[in-house]
$ cat structure22.cif   # mmCIF, C-alpha atoms
data_input
#
loop_
_atom_site.group_PDB
_atom_site.id
_atom_site.type_symbol
_atom_site.label_atom_id
_atom_site.label_comp_id
_atom_site.auth_asym_id
_atom_site.auth_seq_id
_atom_site.Cartn_x
_atom_site.Cartn_y
_atom_site.Cartn_z
ATOM 1 C CA MET S 1 72.776 106.437 85.759
ATOM 2 C CA GLU S 2 73.220 102.931 87.160
ATOM 3 C CA ASP S 3 76.167 100.559 87.227
ATOM 4 C CA GLY S 4 75.985 96.916 86.178
ATOM 5 C CA ASN S 5 74.508 95.932 89.547
ATOM 6 C CA GLY S 6 71.559 98.279 89.279
ATOM 7 C CA GLU S 7 73.000 100.751 91.810
ATOM 8 C CA ALA S 8 73.371 104.472 91.214
ATOM 9 C CA LYS S 9 76.788 105.142 89.688
ATOM 10 C CA VAL S 10 79.104 107.481 91.607
ATOM 11 C CA GLU S 11 80.776 110.086 89.424
ATOM 12 C CA ILE S 12 83.382 112.643 90.446
ATOM 13 C CA LYS S 13 82.802 115.813 88.443
ATOM 14 C CA ASN S 14 84.848 118.321 90.411
ATOM 15 C CA ALA S 15 87.464 118.366 93.139
ATOM 16 C CA ALA S 16 89.351 120.601 95.534
ATOM 17 C CA LEU S 17 92.764 120.176 97.125
ATOM 18 C CA ILE S 18 94.010 121.668 100.365
ATOM 19 C CA GLY S 19 97.735 121.840 101.117
ATOM 20 C CA MET S 20 99.951 123.128 98.299
ATOM 21 C CA GLY S 21 103.234 121.793 99.598
ATOM 22 C CA ALA S 22 105.453 119.538 97.521
ATOM 23 C CA ILE S 23 102.955 116.708 97.013
ATOM 24 C CA GLY S 24 99.952 119.005 96.662
ATOM 25 C CA THR S 25 101.709 121.072 94.013
ATOM 26 C CA VAL S 26 102.625 118.065 91.858
ATOM 27 C CA TYR S 27 99.136 116.562 91.870
ATOM 28 C CA GLY S 28 97.442 119.961 91.820
ATOM 29 C CA LYS S 29 99.193 120.829 88.559
ATOM 30 C CA LEU S 30 97.991 117.624 86.900
ATOM 31 C CA LEU S 31 94.411 118.113 88.110
ATOM 32 C CA TYR S 32 94.410 121.764 87.021
ATOM 33 C CA GLU S 33 95.658 120.875 83.547
ATOM 34 C CA LYS S 34 92.935 118.259 83.104
ATOM 35 C CA TYR S 35 89.937 119.799 84.829
ATOM 36 C CA GLY S 36 90.511 123.573 84.701
ATOM 37 C CA PRO S 37 87.735 125.398 86.602
ATOM 38 C CA ASP S 38 86.343 122.102 87.912
ATOM 39 C CA PHE S 39 89.425 121.890 90.125
ATOM 40 C CA ALA S 40 90.152 124.333 92.939
ATOM 41 C CA VAL S 41 92.809 124.962 95.567
ATOM 42 C CA ILE S 42 91.497 125.800 99.042
ATOM 43 C CA ALA S 43 93.460 128.562 100.749
ATOM 44 C CA GLY S 44 92.345 131.481 102.862
ATOM 45 C CA ASP S 45 93.599 134.833 104.102
ATOM 46 C CA ALA S 46 97.056 135.988 103.040
ATOM 47 C CA ARG S 47 98.053 132.619 101.583
ATOM 48 C CA GLY S 48 95.033 132.544 99.297
ATOM 49 C CA LYS S 49 95.721 136.087 98.094
ATOM 50 C CA ARG S 50 99.351 135.207 97.447
ATOM 51 C CA LEU S 51 98.443 132.117 95.427
ATOM 52 C CA LYS S 52 95.949 134.088 93.345
ATOM 53 C CA SER S 53 98.483 136.823 92.685
ATOM 54 C CA ASN S 54 101.706 134.865 92.254
ATOM 55 C CA GLY S 55 100.439 131.481 91.131
ATOM 56 C CA ILE S 56 102.121 128.186 92.022
ATOM 57 C CA ARG S 57 105.535 127.166 90.680
ATOM 58 C CA LEU S 58 106.511 123.664 89.656
ATOM 59 C CA ASN S 59 109.782 122.992 87.851
ATOM 60 C CA GLN S 60 110.294 126.721 87.113
ATOM 61 C CA LYS S 61 106.855 127.063 85.523
ATOM 62 C CA THR S 62 103.950 128.941 87.109
ATOM 63 C CA PHE S 63 100.318 127.861 86.946
ATOM 64 C CA TYR S 64 97.201 129.622 88.218
ATOM 65 C CA PRO S 65 94.478 127.257 89.437
ATOM 66 C CA ARG S 66 91.198 128.554 90.783
ATOM 67 C CA VAL S 67 91.748 129.478 94.440
ATOM 68 C CA VAL S 68 88.789 129.490 96.830
ATOM 69 C CA SER S 69 88.706 130.579 100.441
ATOM 70 C CA PRO S 70 87.130 128.590 103.314
ATOM 71 C CA GLU S 71 84.435 131.260 103.546
ATOM 72 C CA GLU S 72 83.037 130.448 100.087
ATOM 73 C CA GLN S 73 80.174 128.287 101.318
ATOM 74 C CA ASN S 74 78.760 127.645 97.837
ATOM 75 C CA SER S 75 81.822 125.756 96.619
ATOM 76 C CA LYS S 76 80.643 122.198 97.264
ATOM 77 C CA VAL S 77 82.748 119.499 95.607
ATOM 78 C CA ASP S 78 82.543 115.765 94.918
ATOM 79 C CA LEU S 79 86.121 115.031 96.007
ATOM 80 C CA VAL S 80 88.449 116.693 98.512
ATOM 81 C CA ILE S 81 92.131 115.768 98.495
ATOM 82 C CA VAL S 82 93.974 116.592 101.711
ATOM 83 C CA CYS S 83 97.739 117.178 101.360
ATOM 84 C CA VAL S 84 98.590 119.190 104.474
ATOM 85 C CA LYS S 85 101.076 118.075 107.136
ATOM 86 C CA ASN S 86 99.785 116.314 110.251
ATOM 87 C CA ASP S 87 100.145 119.356 112.494
ATOM 88 C CA GLN S 88 98.005 121.354 110.045
ATOM 89 C CA LEU S 89 95.219 118.775 109.748
ATOM 90 C CA SER S 90 92.892 120.031 112.479
ATOM 91 C CA GLU S 91 92.822 123.551 111.043
ATOM 92 C CA ALA S 92 92.468 122.207 107.500
ATOM 93 C CA LEU S 93 89.424 120.142 108.442
ATOM 94 C CA GLU S 94 87.690 123.236 109.765
ATOM 95 C CA ASP S 95 88.505 125.012 106.490
ATOM 96 C CA LEU S 96 86.863 122.161 104.565
ATOM 97 C CA ARG S 97 83.425 122.446 106.137
ATOM 98 C CA GLY S 98 82.114 124.776 103.449
ATOM 99 C CA PHE S 99 83.103 122.381 100.671
ATOM 100 C CA VAL S 100 81.862 119.061 102.022
ATOM 101 C CA THR S 101 78.375 117.658 101.469
ATOM 102 C CA ASP S 102 77.049 114.268 102.556
ATOM 103 C CA ASN S 103 78.225 112.845 99.220
ATOM 104 C CA THR S 104 81.728 114.334 99.206
ATOM 105 C CA VAL S 105 84.520 111.746 99.157
ATOM 106 C CA ILE S 106 87.611 112.679 101.181
ATOM 107 C CA LEU S 107 91.042 111.373 100.159
ATOM 108 C CA PRO S 108 93.931 112.151 102.555
ATOM 109 C CA LEU S 109 97.539 111.874 101.360
ATOM 110 C CA LEU S 110 99.152 112.389 104.762
ATOM 111 C CA ASN S 111 101.721 110.199 106.456
ATOM 112 C CA GLY S 112 100.756 108.217 109.544
ATOM 113 C CA VAL S 113 98.301 105.633 110.822
ATOM 114 C CA THR S 114 95.873 107.938 112.669
ATOM 115 C CA VAL S 115 94.898 110.235 109.786
ATOM 116 C CA ARG S 116 91.651 108.602 108.659
ATOM 117 C CA ASP S 117 90.311 108.362 112.209
ATOM 118 C CA ARG S 118 91.049 112.036 112.786
ATOM 119 C CA ILE S 119 89.153 113.020 109.641
ATOM 120 C CA LEU S 120 86.210 110.766 110.495
ATOM 121 C CA SER S 121 85.945 112.441 113.892
ATOM 122 C CA VAL S 122 85.051 115.669 112.049
ATOM 123 C CA PHE S 123 83.193 114.176 109.066
ATOM 124 C CA PRO S 124 81.689 110.947 110.453
ATOM 125 C CA ASP S 125 79.037 110.648 107.739
ATOM 126 C CA ASN S 126 81.385 110.990 104.775
ATOM 127 C CA HIS S 127 83.231 108.377 102.748
ATOM 128 C CA VAL S 128 86.793 108.890 103.989
ATOM 129 C CA LEU S 129 89.350 106.782 102.170
ATOM 130 C CA TYR S 130 92.786 105.587 103.201
ATOM 131 C CA GLY S 131 95.443 107.174 101.014
ATOM 132 C CA LEU S 132 99.135 107.901 100.604
ATOM 133 C CA SER S 133 101.650 108.970 97.998
ATOM 134 C CA ILE S 134 104.847 106.997 97.526
ATOM 135 C CA TYR S 135 107.946 107.126 95.288
ATOM 136 C CA ILE S 136 107.370 110.840 94.586
ATOM 137 C CA ASP S 137 110.578 112.913 94.656
ATOM 138 C CA ALA S 138 109.111 116.420 95.022
ATOM 139 C CA VAL S 139 111.217 118.977 96.900
ATOM 140 C CA ARG S 140 110.004 122.382 98.049
ATOM 141 C CA THR S 141 112.499 125.198 97.499
ATOM 142 C CA ALA S 142 112.486 128.988 97.709
ATOM 143 C CA ASP S 143 111.572 129.029 94.011
ATOM 144 C CA GLY S 144 108.653 126.629 94.296
ATOM 145 C CA VAL S 145 108.631 122.853 93.928
ATOM 146 C CA THR S 146 110.868 120.676 91.793
ATOM 147 C CA ASN S 147 110.274 117.035 90.902
ATOM 148 C CA THR S 148 111.083 114.455 88.263
ATOM 149 C CA VAL S 149 108.994 111.473 89.464
ATOM 150 C CA ASP S 150 105.287 111.906 90.249
ATOM 151 C CA GLY S 151 105.043 108.700 92.256
ATOM 152 C CA VAL S 152 101.932 106.635 92.855
ATOM 153 C CA ILE S 153 98.821 107.292 94.950
ATOM 154 C CA TYR S 154 97.762 104.186 96.852
ATOM 155 C CA PHE S 155 94.206 104.499 98.131
ATOM 156 C CA GLY S 156 90.934 102.781 98.890
ATOM 157 C CA ASN S 157 88.841 101.409 101.714
ATOM 158 C CA ALA S 158 90.320 99.064 104.292
ATOM 159 C CA ASP S 159 89.369 96.071 102.127
ATOM 160 C CA ASN S 160 89.264 96.547 98.354
ATOM 161 C CA THR S 161 88.807 92.949 97.271
ATOM 162 C CA VAL S 162 85.705 94.318 95.546
ATOM 163 C CA PRO S 163 86.279 98.081 95.165
ATOM 164 C CA ALA S 164 83.402 100.313 96.250
ATOM 165 C CA ARG S 165 81.707 102.600 93.729
ATOM 166 C CA GLU S 166 83.331 105.651 95.337
ATOM 167 C CA VAL S 167 86.774 104.065 95.027
ATOM 168 C CA VAL S 168 86.242 103.322 91.333
ATOM 169 C CA ALA S 169 84.994 106.865 90.722
ATOM 170 C CA VAL S 170 88.042 108.414 92.390
ATOM 171 C CA LYS S 171 90.351 106.095 90.464
ATOM 172 C CA ASP S 172 88.765 107.128 87.166
ATOM 173 C CA PHE S 173 88.993 110.824 88.061
ATOM 174 C CA LEU S 174 92.673 110.698 89.043
ATOM 175 C CA THR S 175 93.734 108.410 86.220
ATOM 176 C CA ALA S 176 92.148 110.723 83.651
ATOM 177 C CA ALA S 177 94.452 113.477 84.946
ATOM 178 C CA GLY S 178 97.529 111.347 84.330
ATOM 179 C CA ILE S 179 98.032 110.430 87.989
ATOM 180 C CA GLU S 180 99.233 106.889 88.571
ATOM 181 C CA VAL S 181 97.087 105.140 91.182
ATOM 182 C CA SER S 182 96.843 101.742 92.807
ATOM 183 C CA VAL S 183 93.820 100.428 94.704
ATOM 184 C CA CYS S 184 95.422 98.033 97.181
ATOM 185 C CA PRO S 185 93.449 95.018 98.436
ATOM 186 C CA ASP S 186 94.553 95.679 102.059
ATOM 187 C CA MET S 187 94.958 99.414 102.643
ATOM 188 C CA ILE S 188 95.524 99.152 106.389
ATOM 189 C CA ARG S 189 98.631 97.070 105.784
ATOM 190 C CA THR S 190 99.691 99.476 103.022
ATOM 191 C CA VAL S 191 99.312 102.524 105.279
ATOM 192 C CA TRP S 192 101.287 100.846 108.064
ATOM 193 C CA LYS S 193 104.007 99.807 105.639
ATOM 194 C CA LYS S 194 104.438 103.385 104.339
ATOM 195 C CA TRP S 195 104.380 104.682 107.917
ATOM 196 C CA MET S 196 107.161 102.225 108.746
ATOM 197 C CA LEU S 197 109.262 103.778 105.974
ATOM 198 C CA ASN S 198 108.578 107.279 107.302
ATOM 199 C CA VAL S 199 109.482 106.251 110.848
ATOM 200 C CA GLY S 200 112.791 104.859 109.653
ATOM 201 C CA CYS S 201 113.945 106.899 106.680
ATOM 202 C CA ASN S 202 112.480 110.325 107.466
ATOM 203 C CA GLN S 203 113.633 110.431 111.053
ATOM 204 C CA VAL S 204 117.145 109.081 110.465
ATOM 205 C CA SER S 205 117.618 111.557 107.623
ATOM 206 C CA ALA S 206 116.390 114.374 109.863
ATOM 207 C CA ILE S 207 118.985 113.781 112.579
ATOM 208 C CA THR S 208 121.901 112.887 110.288
ATOM 209 C CA GLY S 209 121.256 115.177 107.314
ATOM 210 C CA ALA S 210 121.536 112.144 105.035
ATOM 211 C CA PRO S 211 119.988 112.207 101.546
ATOM 212 C CA TYR S 212 118.633 108.966 100.115
ATOM 213 C CA GLY S 213 122.044 108.024 98.747
ATOM 214 C CA LYS S 214 123.535 107.967 102.260
ATOM 215 C CA MET S 215 120.654 106.181 103.965
ATOM 216 C CA THR S 216 122.002 102.647 103.648
ATOM 217 C CA SER S 217 125.477 103.214 102.187
ATOM 218 C CA VAL S 218 126.540 104.658 105.553
ATOM 219 C CA LYS S 219 126.526 101.653 107.879
ATOM 220 C CA THR S 220 125.333 103.415 111.033
ATOM 221 C CA ASN S 221 122.506 105.149 109.151
ATOM 222 C CA GLY S 222 121.395 101.760 107.881
ATOM 223 C CA ILE S 223 121.419 100.305 111.397
ATOM 224 C CA LEU S 224 119.184 103.097 112.753
ATOM 225 C CA PHE S 225 116.922 102.878 109.701
ATOM 226 C CA HIS S 226 116.414 99.141 110.174
ATOM 227 C CA GLU S 227 115.958 99.200 113.956
ATOM 228 C CA ALA S 228 113.448 102.062 113.867
ATOM 229 C CA MET S 229 111.371 100.199 111.282
ATOM 230 C CA MET S 230 111.570 96.933 113.201
ATOM 231 C CA GLU S 231 109.855 98.598 116.172
ATOM 232 C CA VAL S 232 106.947 99.359 113.815
ATOM 233 C CA VAL S 233 106.952 95.720 112.680
ATOM 234 C CA ALA S 234 106.671 94.618 116.317
ATOM 235 C CA LEU S 235 103.759 97.009 116.887
ATOM 236 C CA ALA S 236 102.007 95.837 113.724
ATOM 237 C CA GLN S 237 102.253 92.223 114.787
ATOM 238 C CA ALA S 238 100.857 93.119 118.208
ATOM 239 C CA ALA S 239 97.947 94.820 116.395
ATOM 240 C CA HIS S 240 97.461 91.759 114.108
ATOM 241 C CA ILE S 241 98.633 93.650 111.000
ATOM 242 C CA ASP S 242 100.668 91.634 108.509
ATOM 243 C CA LEU S 243 104.052 93.413 108.484
ATOM 244 C CA THR S 244 107.307 91.483 108.663
ATOM 245 C CA GLU S 245 111.041 92.113 108.599
ATOM 246 C CA GLN S 246 110.930 91.311 104.889
ATOM 247 C CA ASP S 247 108.889 94.491 104.354
ATOM 248 C CA ALA S 248 111.582 96.513 106.120
ATOM 249 C CA LEU S 249 114.330 94.894 104.055
ATOM 250 C CA GLU S 250 112.366 95.666 100.892
ATOM 251 C CA TYR S 251 112.460 99.383 101.693
ATOM 252 C CA GLU S 252 116.153 99.248 102.562
ATOM 253 C CA ASN S 253 116.891 97.701 99.169
ATOM 254 C CA LEU S 254 114.730 100.335 97.457
ATOM 255 C CA MET S 255 116.994 103.147 98.672
ATOM 256 C CA SER S 256 119.369 102.428 95.795
ATOM 257 C CA THR S 257 116.589 103.321 93.312
ATOM 258 C CA PHE S 258 115.873 106.737 94.841
ATOM 259 C CA SER S 259 117.629 109.901 93.645
ATOM 260 C CA PRO S 260 120.935 109.865 95.616
ATOM 261 C CA LEU S 261 120.686 113.573 96.451
ATOM 262 C CA GLY S 262 116.950 113.464 97.159
ATOM 263 C CA LYS S 263 115.795 114.438 100.627
ATOM 264 C CA THR S 264 112.930 113.257 102.807
ATOM 265 C CA SER S 265 110.202 115.727 103.713
ATOM 266 C CA MET S 266 111.352 115.683 107.344
ATOM 267 C CA LEU S 267 114.919 116.596 106.411
ATOM 268 C CA GLN S 268 113.528 119.417 104.269
ATOM 269 C CA ASP S 269 111.515 120.615 107.284
ATOM 270 C CA VAL S 270 114.576 120.541 109.566
ATOM 271 C CA GLU S 271 116.706 122.456 107.064
ATOM 272 C CA ALA S 272 113.972 125.073 106.612
ATOM 273 C CA GLY S 273 113.459 125.493 110.354
ATOM 274 C CA ARG S 274 109.902 124.166 110.230
ATOM 275 C CA HIS S 275 108.213 121.909 112.764
ATOM 276 C CA THR S 276 108.359 118.253 111.766
ATOM 277 C CA GLU S 277 105.883 115.375 111.914
ATOM 278 C CA VAL S 278 107.854 113.624 114.673
ATOM 279 C CA ASP S 279 104.788 113.490 116.949
ATOM 280 C CA HIS S 280 103.051 111.360 114.316
ATOM 281 C CA PHE S 281 106.093 109.183 113.628
ATOM 282 C CA ALA S 282 108.217 108.400 116.701
ATOM 283 C CA GLY S 283 105.616 109.962 118.996
ATOM 284 C CA THR S 284 102.921 107.577 117.803
ATOM 285 C CA VAL S 285 105.345 104.626 117.893
ATOM 286 C CA VAL S 286 106.124 105.332 121.560
ATOM 287 C CA GLU S 287 102.429 105.808 122.372
ATOM 288 C CA LEU S 288 101.436 102.536 120.698
ATOM 289 C CA GLY S 289 104.376 100.817 122.354
ATOM 290 C CA LYS S 290 102.891 101.651 125.737
ATOM 291 C CA LYS S 291 99.463 100.463 124.593
ATOM 292 C CA PHE S 292 100.708 97.097 123.303
ATOM 293 C CA HIS S 293 103.538 96.693 125.841
ATOM 294 C CA VAL S 294 106.131 96.684 123.038
ATOM 295 C CA PRO S 295 109.567 98.233 123.741
ATOM 296 C CA THR S 296 110.387 101.205 121.458
ATOM 297 C CA PRO S 297 113.773 102.526 122.668
ATOM 298 C CA VAL S 298 115.084 103.567 119.229
ATOM 299 C CA ASN S 299 112.047 105.700 118.471
ATOM 300 C CA HIS S 300 112.110 107.143 121.997
ATOM 301 C CA VAL S 301 115.626 108.423 121.332
ATOM 302 C CA LEU S 302 114.733 109.655 117.838
ATOM 303 C CA TYR S 303 111.749 111.501 119.300
ATOM 304 C CA CYS S 304 113.860 113.222 121.940
ATOM 305 C CA ILE S 305 116.573 114.238 119.482
ATOM 306 C CA ILE S 306 114.190 115.644 116.854
ATOM 307 C CA LYS S 307 112.166 117.487 119.487
ATOM 308 C CA SER S 308 115.407 119.037 120.775
ATOM 309 C CA MET S 309 116.315 120.052 117.204
ATOM 310 C CA GLU S 310 112.921 121.737 116.807
ATOM 311 C CA GLU S 311 113.427 123.728 120.014
ATOM 312 C CA ARG S 312 116.856 124.806 118.804
#

$ encode --input "structure22.cif" --output "structure tokens"
Amino acid sequence: MEDGNGEAKVEIKNAALIGMGAIGTVYGKLLYEKYGPDFAVIAGDARGKRLKSNGIRLNQKTFYPRVVSPEEQNSKVDLVIVCVKNDQLSEALEDLRGFVTDNTVILPLLNGVTVRDRILSVFPDNHVLYGLSIYIDAVRTADGVTNTVDGVIYFGNADNTVPAREVVAVKDFLTAAGIEVSVCPDMIRTVWKKWMLNVGCNQVSAITGAPYGKMTSVKTNGILFHEAMMEVVALAQAAHIDLTEQDALEYENLMSTFSPLGKTSMLQDVEAGRHTEVDHFAGTVVELGKKFHVPTPVNHVLYCIIKSMEER
């Protein structure tokens, strides 16, 4: 089949998702309900057995998607969605090798500005998109995941002024499952802007225990939130990426629209005693600060505090 330009049309017929945390569970449920056996969850060893046996819980309801292990070499798919945390990415990419062909499109939904480059280092010949999920309120609990707002997946190539065939195919596949998507014209700016939010909101919430409702209503939280994000703005400008203070203020104003008792993923990690993504938030800010000769004192302090909390 050809598109209107005489080129072979790209069609996504099946997909797999790795990383059934809060975000993975929400989108995995929607994909499972739409595509059934043409959608699979990748999980090996004890975790895979547990998912097969116990299913996956979302809002007190259990669903049982097809679960495949990394050893199942015949499970090639058209689309892989990556929803693991940053510190799990290297292992996840090794687990994906049996599912990826030359034509497989890879869509990461991780936080941070280094994700796509890390995936390309393992799959240099594949179409690896930029991607992120925003405005989702999913929370992982002992009884599964709860959420009320599914959020939006922003994705695409760096420049989507004219979306590529692969981008259109992924959009059609996700939209058909009831997932709200947006193909942004400038995905590099979009990824940096979301990362700026993570650097500010996630890290301040982690050290203060503040839910969204206390992020700006408590004056000192708001100061830290703003100053941490402004260091990202300074880095972006040094890297010729179009972020400004207005973008930071936009996120600060948005806090009033979030669930007041909602918690960032980093605060959830701290409360559960899990390692956080601080290396990919403040750690990367400090590293880029050295590269571009931009001072990053707020993120240096946030990094040290959160690292100390992890050791505790």

$ resolve_selection --input "structure22.cif" --expression "the PyMOL selection byres ((chain S and resi 204) around 12)" --output "ChimeraX atom specification"
/S:197-203,205-212,214-216,218,220-229,263-267,270,278,281-282,298-299,301-303,305-306

$ axis_aligned_box --input "structure22.cif" --around "range 13-21 of chain S" --padding-each-side "3 Å" --output "lines of an AutoDock Vina configuration file"
center_x = 93.0
center_y = 119.5
center_z = 94.8
size_x = 26.4
size_y = 13.3
size_z = 18.7

$ resolve_selection --input "structure22.cif" --expression "the PyMOL selection byres ((chain S and resi 64-80) around 7)" --output "ChimeraX atom specification"
/S:12-17,32,37,39-44,48,52,55-56,62-63,81-82,95-96,98-101,103-107

$ write_last_selection --input "structure22.cif" --atoms "C-alpha atoms" --output "PDB file, in the frame of the given file"
ATOM      1  CA  ILE S  12      83.382 112.643  90.446  1.00  0.00           C
ATOM      2  CA  LYS S  13      82.802 115.813  88.443  1.00  0.00           C
ATOM      3  CA  ASN S  14      84.848 118.321  90.411  1.00  0.00           C
ATOM      4  CA  ALA S  15      87.464 118.366  93.139  1.00  0.00           C
ATOM      5  CA  ALA S  16      89.351 120.601  95.534  1.00  0.00           C
ATOM      6  CA  LEU S  17      92.764 120.176  97.125  1.00  0.00           C
ATOM      7  CA  TYR S  32      94.410 121.764  87.021  1.00  0.00           C
ATOM      8  CA  PRO S  37      87.735 125.398  86.602  1.00  0.00           C
ATOM      9  CA  PHE S  39      89.425 121.890  90.125  1.00  0.00           C
ATOM     10  CA  ALA S  40      90.152 124.333  92.939  1.00  0.00           C
ATOM     11  CA  VAL S  41      92.809 124.962  95.567  1.00  0.00           C
ATOM     12  CA  ILE S  42      91.497 125.800  99.042  1.00  0.00           C
ATOM     13  CA  ALA S  43      93.460 128.562 100.749  1.00  0.00           C
ATOM     14  CA  GLY S  44      92.345 131.481 102.862  1.00  0.00           C
ATOM     15  CA  GLY S  48      95.033 132.544  99.297  1.00  0.00           C
ATOM     16  CA  LYS S  52      95.949 134.088  93.345  1.00  0.00           C
ATOM     17  CA  GLY S  55     100.439 131.481  91.131  1.00  0.00           C
ATOM     18  CA  ILE S  56     102.121 128.186  92.022  1.00  0.00           C
ATOM     19  CA  THR S  62     103.950 128.941  87.109  1.00  0.00           C
ATOM     20  CA  PHE S  63     100.318 127.861  86.946  1.00  0.00           C
ATOM     21  CA  ILE S  81      92.131 115.768  98.495  1.00  0.00           C
ATOM     22  CA  VAL S  82      93.974 116.592 101.711  1.00  0.00           C
ATOM     23  CA  ASP S  95      88.505 125.012 106.490  1.00  0.00           C
ATOM     24  CA  LEU S  96      86.863 122.161 104.565  1.00  0.00           C
ATOM     25  CA  GLY S  98      82.114 124.776 103.449  1.00  0.00           C
ATOM     26  CA  PHE S  99      83.103 122.381 100.671  1.00  0.00           C
ATOM     27  CA  VAL S 100      81.862 119.061 102.022  1.00  0.00           C
ATOM     28  CA  THR S 101      78.375 117.658 101.469  1.00  0.00           C
ATOM     29  CA  ASN S 103      78.225 112.845  99.220  1.00  0.00           C
ATOM     30  CA  THR S 104      81.728 114.334  99.206  1.00  0.00           C
ATOM     31  CA  VAL S 105      84.520 111.746  99.157  1.00  0.00           C
ATOM     32  CA  ILE S 106      87.611 112.679 101.181  1.00  0.00           C
ATOM     33  CA  LEU S 107      91.042 111.373 100.159  1.00  0.00           C
TER      34      LEU S 107
END

$ atom_distance --input "structure22.cif" --atom1 "CA of Lys61 in chain S" --atom2 "CA of Ile18 in chain S"
20.4 Å

$ atom_distance --input "structure22.cif" --atom1 "CA of Arg50 in chain S" --atom2 "CA of Ala176 in chain S"
29.0 Å

$ closest_residue --input "structure22.cif" --among "S:Glu277, S:Asp38, S:Trp195, S:Gly289" --to "Asp247 in chain S" --atoms "all atoms listed in the file"
S:Trp195

$ closest_atom_pairs --input "structure22.cif" --of "range 85-148 of chain S" --to "range 181-187 of chain S" --cutoff "12 Å" --atoms "only C-alpha atoms" --output "tab-separated table"
residue	atom	partner	partner_atom	distance
S:Val113	CA	S:Met187	CA	10.8
S:Arg116	CA	S:Met187	CA	11.5
S:Leu129	CA	S:Met187	CA	9.3
S:Tyr130	CA	S:Met187	CA	6.6
S:Gly131	CA	S:Met187	CA	7.9
S:Leu132	CA	S:Met187	CA	9.7
S:Ser133	CA	S:Val181	CA	9.1
S:Ile134	CA	S:Val181	CA	10.2
S:Tyr135	CA	S:Val181	CA	11.8

$ atom_distance --input "structure22.cif" --atom1 "CA of Asp102 in chain S" --atom2 "CA of Asp87 in chain S"
25.7 Å

$ decode --input "structure22.cif" --residues "range 167-179 of chain S" --atoms "N, CA and C atoms" --output "PDB file, in the first residue's frame"
ATOM      1  N   VAL S 167       5.662   8.510  12.241  1.00  0.00           N
ATOM      2  CA  VAL S 167       4.986   9.317  13.259  1.00  0.00           C
ATOM      3  C   VAL S 167       3.470   9.246  13.065  1.00  0.00           C
ATOM      4  N   VAL S 168       3.025   9.369  11.840  1.00  0.00           N
ATOM      5  CA  VAL S 168       1.589   9.291  11.544  1.00  0.00           C
ATOM      6  C   VAL S 168       1.037   7.917  11.917  1.00  0.00           C
ATOM      7  N   ALA S 169       1.807   6.869  11.611  1.00  0.00           N
ATOM      8  CA  ALA S 169       1.348   5.511  11.912  1.00  0.00           C
ATOM      9  C   ALA S 169       1.211   5.300  13.415  1.00  0.00           C
ATOM     10  N   VAL S 170       2.172   5.785  14.191  1.00  0.00           N
ATOM     11  CA  VAL S 170       2.095   5.651  15.641  1.00  0.00           C
ATOM     12  C   VAL S 170       0.923   6.459  16.191  1.00  0.00           C
ATOM     13  N   LYS S 171       0.733   7.645  15.666  1.00  0.00           N
ATOM     14  CA  LYS S 171      -0.398   8.479  16.096  1.00  0.00           C
ATOM     15  C   LYS S 171      -1.715   7.753  15.859  1.00  0.00           C
ATOM     16  N   ASP S 172      -1.883   7.174  14.689  1.00  0.00           N
ATOM     17  CA  ASP S 172      -3.121   6.461  14.375  1.00  0.00           C
ATOM     18  C   ASP S 172      -3.324   5.279  15.323  1.00  0.00           C
ATOM     19  N   PHE S 173      -2.251   4.554  15.606  1.00  0.00           N
ATOM     20  CA  PHE S 173      -2.330   3.368  16.455  1.00  0.00           C
ATOM     21  C   PHE S 173      -2.736   3.750  17.878  1.00  0.00           C
ATOM     22  N   LEU S 174      -2.119   4.783  18.430  1.00  0.00           N
ATOM     23  CA  LEU S 174      -2.416   5.193  19.800  1.00  0.00           C
ATOM     24  C   LEU S 174      -3.790   5.831  19.911  1.00  0.00           C
ATOM     25  N   THR S 175      -4.124   6.659  18.950  1.00  0.00           N
ATOM     26  CA  THR S 175      -5.421   7.343  18.975  1.00  0.00           C
ATOM     27  C   THR S 175      -6.568   6.347  18.919  1.00  0.00           C
ATOM     28  N   ALA S 176      -6.404   5.297  18.124  1.00  0.00           N
ATOM     29  CA  ALA S 176      -7.446   4.272  18.011  1.00  0.00           C
ATOM     30  C   ALA S 176      -7.705   3.576  19.343  1.00  0.00           C
ATOM     31  N   ALA S 177      -6.704   3.584  20.228  1.00  0.00           N
ATOM     32  CA  ALA S 177      -6.851   2.967  21.549  1.00  0.00           C
ATOM     33  C   ALA S 177      -7.399   3.943  22.585  1.00  0.00           C
ATOM     34  N   GLY S 178      -7.753   5.142  22.154  1.00  0.00           N
ATOM     35  CA  GLY S 178      -8.300   6.121  23.076  1.00  0.00           C
ATOM     36  C   GLY S 178      -7.256   6.904  23.840  1.00  0.00           C
ATOM     37  N   ILE S 179      -6.016   6.880  23.374  1.00  0.00           N
ATOM     38  CA  ILE S 179      -4.927   7.614  24.012  1.00  0.00           C
ATOM     39  C   ILE S 179      -4.806   8.979  23.347  1.00  0.00           C
TER      40      ILE S 179
END
